[in-house]
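Novice: My structure is in model-v1.cif, and what it holds is mmCIF, C-alpha atoms:
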```cif
data_data
loop_
_atom_site.label_atom_id
_atom_site.label_comp_id
_atom_site.auth_asym_id
_atom_site.auth_seq_id
_atom_site.Cartn_x
_atom_site.Cartn_y
_atom_site.Cartn_z
CA MET A 1315 -24.93 11.60 -3.63
CA ASN A 1316 -26.81 10.02 -0.71
CA ALA A 1317 -25.36 10.46 2.77
CA ASP A 1318 -25.09 6.71 3.19
CA LYS A 1319 -23.18 6.18 -0.07
CA LEU A 1320 -19.50 6.63 -0.75
CA LYS A 1321 -18.22 7.21 -4.26
CA MET A 1322 -15.12 5.11 -4.79
CA THR A 1323 -12.54 4.83 -7.55
CA ILE A 1324 -10.04 1.97 -7.52
CA THR A 1325 -7.09 2.21 -9.88
CA TYR A 1326 -4.84 -0.68 -10.88
CA LEU A 1327 -1.44 -0.69 -12.53
CA GLN A 1328 -0.61 -3.49 -14.91
CA MET A 1329 3.04 -4.22 -15.67
CA ARG A 1330 3.34 -6.48 -18.69
CA ARG A 1331 7.12 -6.91 -18.53
CA PRO A 1332 9.93 -6.02 -16.12
CA SER A 1333 11.40 -2.54 -16.30
CA THR A 1334 14.63 -2.19 -18.24
CA GLY A 1335 15.43 1.34 -17.07
CA THR A 1336 17.08 2.67 -13.96
CA ALA A 1337 15.29 4.44 -11.15
CA ALA A 1338 14.96 8.19 -11.52
CA ALA A 1339 16.48 10.53 -8.97
CA PRO A 1340 14.07 11.84 -6.31
CA PRO A 1341 12.32 15.06 -7.40
CA LEU A 1342 13.18 16.80 -4.10
CA PRO A 1343 16.04 16.37 -1.63
CA GLY A 1344 15.09 14.26 1.37
CA LEU A 1345 12.59 12.07 -0.51
CA HIS A 1346 13.17 8.39 -1.05
CA VAL A 1347 11.15 5.23 -1.55
CA ALA A 1348 12.20 2.03 0.19
CA ARG A 1349 10.76 -1.46 0.14
CA LEU A 1350 9.25 -2.71 3.39
CA HIS A 1351 10.23 -6.39 3.63
CA GLU A 1352 7.86 -8.71 5.53
CA PRO A 1353 6.17 -5.91 7.46
CA ALA A 1354 4.67 -6.62 10.86
CA VAL A 1355 0.90 -6.36 10.92
CA ALA A 1356 1.06 -3.49 13.45
CA GLU A 1357 3.45 -1.53 11.21
CA TYR A 1358 1.23 -2.09 8.18
CA ARG A 1359 -1.90 -1.08 10.09
CA TYR A 1360 -0.12 2.10 11.23
CA LEU A 1361 0.55 3.02 7.59
CA TYR A 1362 -2.86 1.92 6.34
CA ASN A 1363 -4.83 3.74 9.02
CA GLY A 1364 -2.61 6.82 9.13
CA ILE A 1365 -2.60 7.36 5.38
CA GLY A 1366 -5.93 5.83 4.44
CA SER A 1367 -8.20 7.33 7.09
CA ARG A 1368 -8.44 10.59 5.16
CA TRP A 1369 -9.63 8.59 2.15
CA LEU A 1370 -11.98 6.38 4.19
CA TRP A 1371 -10.02 3.20 3.54
CA TYR A 1372 -11.71 0.36 5.40
CA GLU A 1373 -11.16 -3.00 3.65
CA ARG A 1374 -7.88 -3.98 5.30
CA ARG A 1375 -8.94 -2.45 8.61
CA ASP A 1376 -11.75 -5.01 8.80
CA MET A 1377 -9.40 -7.98 8.24
CA ASP A 1378 -8.14 -10.14 11.09
CA ASP A 1379 -4.37 -10.18 11.68
CA ASP A 1380 -3.75 -13.64 10.21
CA SER A 1381 -5.58 -12.86 6.95
CA LEU A 1382 -3.79 -9.53 6.61
CA ARG A 1383 -0.38 -11.10 7.38
CA ALA A 1384 -0.96 -13.72 4.66
CA ILE A 1385 -1.31 -10.89 2.13
CA ILE A 1386 1.34 -8.41 3.22
CA GLN A 1387 4.01 -11.05 3.83
CA HIS A 1388 3.26 -13.04 0.68
CA PRO A 1389 6.43 -13.39 -1.47
CA ARG A 1390 4.64 -11.89 -4.49
CA VAL A 1391 3.39 -8.79 -2.65
CA GLU A 1392 5.76 -5.83 -2.43
CA ILE A 1393 5.15 -2.81 -0.21
CA TYR A 1394 7.09 0.43 -0.69
CA VAL A 1395 7.11 3.41 1.66
CA LEU A 1396 7.73 7.05 0.72
CA HIS A 1397 10.02 8.74 3.23
CA ILE A 1398 10.11 12.51 3.53
CA GLY A 1399 13.16 13.00 5.69
CA ASP A 1400 12.45 10.87 8.76
CA THR A 1401 8.66 10.86 8.21
CA LYS A 1402 6.64 8.21 6.38
CA GLY A 1403 4.57 10.15 3.86
CA GLY A 1404 2.85 7.44 1.85
CA TYR A 1405 3.07 3.90 0.59
CA PHE A 1406 2.00 1.64 -2.24
CA GLU A 1407 1.63 -2.07 -2.82
CA LEU A 1408 2.44 -4.19 -5.84
CA ASP A 1409 0.37 -7.37 -5.71
CA GLY A 1410 1.78 -10.04 -8.01
CA ARG A 1411 -0.37 -12.88 -6.66
CA ASN A 1412 -2.76 -12.80 -9.63
#
```
Could you quickly redo this structure as structure tokens?
Specialist:
Amino acid sequence: MNADKLKMTITYLQMRRPSTGTAAAPPLPGLHVARLHEPAVAEYRYLYNGIGSRWLWYERRDMDDDSLRAIIQHPRVEIYVLHIGDTKGGYFELDGRN
């Protein structure tokens, strides 16, 4: 791999119909996932940069605040945060716009 190239894998999840089951119990005590409703841009950037920097995430970092807000506060975009005790340990987005 060239020094100026970055190998990237993007994975998508497709949900063809709503879930009919109930949420499973957390695998370890102190873990829980909670939805982040209408996150502030600064809060989202904190998550994105803090979690994504290790993986060289850059796409959302390059967006201006208004463009990013239009995505993360869109009614069909859901953002969930993994909490490990009082610490935010990860997050994921479900983008239902398309």
Novice: Applying 12 Å and all atoms listed in the file, which residues near stretch 1397-1400 of chain A remain after dropping the ones on its own chain fewer than 5 positions away? List them as a VMD selection string.
Specialist: chain A and resid 1340 to 1350 1361 1405
Novice: For a test of reading the model, state the distance in Å between atom CA of A:Pro1353 and atom CA of A:Asp1380, rounded to one decimal.
Specialist: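 Answer for the atom CA of A:Pro1353 to atom CA of A:Asp1380 separation: 12.9 Å.
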Novice: I'd like the interatomic distance between atom CA of A:Glu1352 and atom CA of A:Arg1368, to a tenth of an Å.
Specialist: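 Taking atom CA of A:Glu1352 as the start and atom CA of A:Arg1368 as the end point, the length is 25.3 Å.
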Novice: Given the file shown, determine the residues that the PyMOL selection byres ((chain A and resi 1387) around 12) selects; report them as a list in words.
Specialist: Leu1350, His1351, Glu1352, Pro1353, Ala1354, Val1355, Tyr1358, Asp1379, Asp1380, Ser1381, Leu1382, Arg1383, Ala1384, Ile1385, Ile1386, His1388, Pro1389, Arg1390, Val1391, Glu1392, Ile1393, Glu1407, Leu1408, Asp1409 and Arg1411 of chain A
Novice: Grab the atom CA of A:Lys1321 to atom CA of A:Gly1366 distance for me, in Å with one decimal place.
Specialist: 15.1 Å
Novice: For A:Ile1324, which of A:Trp1371, A:Gly1410, A:Thr1401, A:Asn1363 is the closest residue, counting only C-alpha atoms?
Specialist: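 Checking each of A:Trp1371, A:Gly1410, A:Thr1401, A:Asn1363 against A:Ile1324, counting only C-alpha atoms, the winner is A:Trp1371.
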Novice: Between A:Thr1336, A:Arg1331, A:Ala1356, A:Phe1406, which one has atoms that come closest to A:Asp1378, using all atoms listed in the file?
Specialist: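 The answer is A:Ala1356, which sits nearest to A:Asp1378.
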Novice: Please rebuild stretch 1376-1391 of chain A with N, CA, C and O atoms and give the result as a short mmCIF file (atom, residue, chain, number, x, y, z; two decimals), keeping the file's coordinate frame.
Specialist:
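File result.cif, as written:
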```cif
data_model
loop_
_atom_site.label_atom_id
_atom_site.label_comp_id
_atom_site.auth_asym_id
_atom_site.auth_seq_id
_atom_site.Cartn_x
_atom_site.Cartn_y
_atom_site.Cartn_z
N ASP A 1376 -10.78 -4.01 8.36
CA ASP A 1376 -11.75 -5.01 8.80
C ASP A 1376 -11.19 -6.43 8.82
O ASP A 1376 -11.85 -7.35 9.31
N MET A 1377 -9.99 -6.64 8.30
CA MET A 1377 -9.40 -7.98 8.24
C MET A 1377 -8.78 -8.37 9.58
O MET A 1377 -8.22 -7.53 10.28
N ASP A 1378 -8.84 -9.66 9.90
CA ASP A 1378 -8.14 -10.14 11.09
C ASP A 1378 -6.64 -10.20 10.79
O ASP A 1378 -6.22 -10.19 9.63
N ASP A 1379 -5.83 -10.25 11.84
CA ASP A 1379 -4.37 -10.18 11.68
C ASP A 1379 -3.81 -11.30 10.81
O ASP A 1379 -2.92 -11.07 9.99
N ASP A 1380 -4.30 -12.52 10.98
CA ASP A 1380 -3.75 -13.64 10.21
C ASP A 1380 -4.03 -13.49 8.71
O ASP A 1380 -3.16 -13.76 7.89
N SER A 1381 -5.24 -13.06 8.36
CA SER A 1381 -5.58 -12.86 6.95
C SER A 1381 -4.75 -11.74 6.35
O SER A 1381 -4.26 -11.85 5.21
N LEU A 1382 -4.58 -10.66 7.10
CA LEU A 1382 -3.79 -9.53 6.61
C LEU A 1382 -2.32 -9.94 6.46
O LEU A 1382 -1.69 -9.64 5.45
N ARG A 1383 -1.78 -10.64 7.43
CA ARG A 1383 -0.38 -11.10 7.38
C ARG A 1383 -0.14 -11.98 6.15
O ARG A 1383 0.89 -11.87 5.49
N ALA A 1384 -1.10 -12.83 5.83
CA ALA A 1384 -0.96 -13.72 4.66
C ALA A 1384 -0.82 -12.91 3.38
O ALA A 1384 -0.14 -13.34 2.44
N ILE A 1385 -1.43 -11.74 3.32
CA ILE A 1385 -1.31 -10.89 2.13
C ILE A 1385 -0.01 -10.10 2.16
O ILE A 1385 0.79 -10.17 1.23
N ILE A 1386 0.22 -9.35 3.21
CA ILE A 1386 1.34 -8.41 3.22
C ILE A 1386 2.71 -9.08 3.32
O ILE A 1386 3.72 -8.48 2.95
N GLN A 1387 2.74 -10.33 3.77
CA GLN A 1387 4.01 -11.05 3.83
C GLN A 1387 4.14 -12.11 2.73
O GLN A 1387 5.09 -12.88 2.72
N HIS A 1388 3.20 -12.10 1.80
CA HIS A 1388 3.26 -13.04 0.68
C HIS A 1388 4.48 -12.69 -0.18
O HIS A 1388 4.76 -11.51 -0.43
N PRO A 1389 5.22 -13.67 -0.68
CA PRO A 1389 6.43 -13.39 -1.47
C PRO A 1389 6.17 -12.60 -2.76
O PRO A 1389 7.08 -11.97 -3.29
N ARG A 1390 4.94 -12.61 -3.25
CA ARG A 1390 4.64 -11.89 -4.49
C ARG A 1390 3.96 -10.54 -4.25
O ARG A 1390 3.48 -9.91 -5.18
N VAL A 1391 3.92 -10.11 -2.99
CA VAL A 1391 3.39 -8.79 -2.65
C VAL A 1391 4.56 -7.94 -2.18
O VAL A 1391 5.32 -8.34 -1.31
#
```
